[in-house]
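Below is one structure, written out as structure tokens; the observations come after it.
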Amino acid sequence: ETAPSPPPATPDTHPADATFDQEIERNLIDKAHTLPNYDSFDIKVDVFVTKDVPCPNQKPEMESMLKEYTSGDVVHGYVVVQNTSDEPLEFQMFHVTLEGYTSIIDEKNRKQIVKRFLTMVDLSASWSSGCISPSSNISFEALSKDSEGCILGLRNDRILEPHTKYKKFFTFKFPYNLLDNVCRHQHEVHTLLPPSFGVDTVKRKHKNADIDINPVTHYGHLGSRGSPLMTNDLSQPNLSVSYGINARLIGISPRQPTKLSVLKDQEYSLRFIPFGFAVPLYSSKTGLNLICENIEHEFKIANDALKLKIEGEKDRYGDDDVKIQQLGMTSSSASSIQDLKFPLRNKSLGGYTDEPKVETQLTYLLNGSVTSSFLRKLKGGKKSSVDSTKSGLITVSTSVPKDGLPYRSPPHLRKTNEISNLSETGYKNYDSLSSSLSMNEKRKLSSLKLQFNFLPSDHSMDLIPPEIKSIKPSLIVMNIFSSSSIPIKLSSDLFASKDFNKLKTKFEKYFDTYNELESKFESNSLSINDHLDTEIMLDIKSMKDIQVEKHQLAVFDYSMNDKQNDWKHSDDPNVWEKNIDLSLNFKDNISETLVPNFQGCLLSRVYCINVNVVFKNGQSCELVVPIRIRKFDDF
């Protein structure tokens with residue numbers, strides 16, 4: 001990835017000299033997508049991705065449209081720029097980049113929110129005043145013609161001759177992780193590359209919105225090389241993560257001779273699936289609590305400053321004191337980027353010394369259904385008119401598995417990306433990644449060990465433990481997103497229906513408090529930004545606007561093994577216990593694509609296994625187990 005760019009220069013005037021030209025170019029590499037697009041009819045730009053390093057005078061083998069790249073993989077190819085007109089054409093810059101971005105379409109407000117997390121430039125593939133050797137060490141004579149009649153390179157005078165083709169070679173390597181500055185909250189999990197996800201329906205003048213998924217192959221595309229690949233990954237049309245090779249020819253706009261515009265551009269979409277664990281299973285609620293403490297602390301500082309201003313005692317509590325307290329609070333609540341080593345290892349992800357567990361409880365009643373008021377009385381230990389009802393408390397628990405489920409994609413994609421079909425470079429990268437992890441770390445989750453405890457109520461000590469009628473697992477898929485950077489790391493425990501509603505309500509109140517404070521400051525001729533961290537409002541808005549899309553899928557073949565595991569007394573003679581192994585595997589005919597978990601500043605994908613337990617009396621409970629989906633060599 002490129003280093004952070006300096007503040008963008010506005011190319012309002014025709015570049016006067018080479019020095020000024022280079023300064024603009026440095027500033028525009030990361031900002032070229034913001035220029036107006038002229039889309040000249042006289043210029044044609046084509047991007048070609050090859051299976052291996054292309055040679056100037058040999059016909060290259062094109063990469064499959066179904067190719068999936070992973071962490072550390074190298075992308076080879078070339079760009080052909082053609083002037084199709086009868087006149088020479090001048091350009092100012094030519095860039096070839098590998099880009100990755102997240103898109104969220106806010107249909108309510110009719111806008112698209114885009115976060116570009118990756119921009120890499122191949123200087124040898126872009127125009128430069130000198131001759132830079134191609135990064136793939138291709139040997140050729142500059143400005144000579146190849147067997148296809150293309151001139152190898154671009155002229156120093158930045159002129160495209162009439163009816164002439166120019167070829168530039170590129171090479172990119174997908175990074176293992178992003179630069180620290182990609183996340184203003186410094187969450188290490190946000191510096192990991194997310195998988196390709198959905199399709200940006202706004203791109204290509206909304207042509208991507210026409211892509212349909214073939215019900216037989218379970219994927220779809222526009223039918224041309226470089227088209228994005230759409231799978232049934234439950235992304236919905238409003239959410240996407242996209243990667244692609246972008247070639248842009250930039251020059252003076254024919255419509256506005258004093259401004260630069262993109263004369264012609266072309267994108268070749270790439271599909272990327274990161275290798276390994278990708279994300280930790282947990283985000284403890286500590287991070288959320290720190291955010292709330294910080295907001296409330298900032299509100300207190302602002303209120304104190306306002307009060308002192310009104311009472312005329314501002315000198316007792318100056319701006320320096322406010323800033324010192326703000327800095328102290330911010331430094332204590334911020335999480336720092338860890339030294340990420342790739343590939344990530346199991347032991348470094350959870351942050352727990354003991355094996356964490358999840359559990360659920362059910363008040364069991366022998367006669368099954370009763371009124372909710374009775375349940376409340378029973379839980380409170382109060383007497384009721386039906387004390388003769390036999391009852392007790394059932395607890396179902398399991399350890400959160402370190403093992404995960406494999407990434408699932410359509411059969412044609414799996415076959416295309418088998419190890420045997422990798423190039424030599426691709427196989428070396430795969431072998432390096434795979435051999436760095438132990439077989440234990442790469443084990444697939446094949447069962448959940450469920451533990452049942454039954455504690456009869458005081459008046460039901462002779463009650464026989466309940467009989468289990470059925471246990472059914474399903475996969476819960478959650479897309480979590482917001483319009484601005486989410487300030488916390490996410491986990492499924494934060495998004496149970498009641499907890500999630502409480503969370504949103506809390507931040508809606510913070511939002512109202514902020515607006516009230518801002519009005520009070522303005523009425524006293526003060527700026528709230530002088531007394532309250534400006535990023536506080538961004539965090540409040542992000543958490544207030546956070547949304548969750550949930551899907552529940554019946555994707556498991558499963559069986560319940562409880563032989564020789566009848567109810568037995570535990571160490572406590574009053575408590576019964578029972579253990580059940582729930583074996584599970586993905587069905588063979590899954591139509592959904594299950595991408596690895598990922599977390600980004602705007603968009604995250606989280607998975608859980610929902611275990612539904614039904615007892616003979618008709619009562620039931622659900623146990624939600626967080627899990628990871630990962631890509632190893634079992635794809």
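Scheme for the structure tokens: letters A, B, ... for chains in order shown; per-chain residue numbers from 1; ligand numbers from 1 in order shown.
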Hey, could you make a per-residue contact list for range 402-422 of chain A against range 58-70 of chain A with 7 Å as the cut-off, showing the nearest pair of atoms and its distance in Å to one decimal, counting only C-alpha atoms, sorted by chain and number, as a Markdown table?
```
| residue | atom | partner | partner_atom | distance |
| --- | --- | --- | --- | --- |
| A:Leu413 | CA | A:Leu66 | CA | 5.7 |
| A:Thr416 | CA | A:Leu66 | CA | 6.6 |
| A:Asn417 | CA | A:Lys67 | CA | 6.3 |
```
Find the residues near His190 in chain A: any atom within 7 Å, counting only C-alpha atoms, skip ones fewer than 3 places away on the same chain, and give them as a ChimeraX atom specification.
/A:183,187,599-601
So that I can see what lies close to range 212-226 of chain A, please list as a PyMOL selection string the residues with an atom at most 10 Å from it, counting only C-alpha atoms and leaving out residues fewer than 5 positions away in the same chain.
chain A and resi 46-49+62-66+199+207+231-233+244-245+266-270+409-413+590-593
List as an MDAnalysis selection string the protein and nucleic acid residues near Gly618 in chain A, meaning an atom at most 12 Å away when only C-alpha atoms are counted, but skip any in the same chain fewer than 2 places from it.
chainID A and resid 364:370 466:470 613:616 620:621
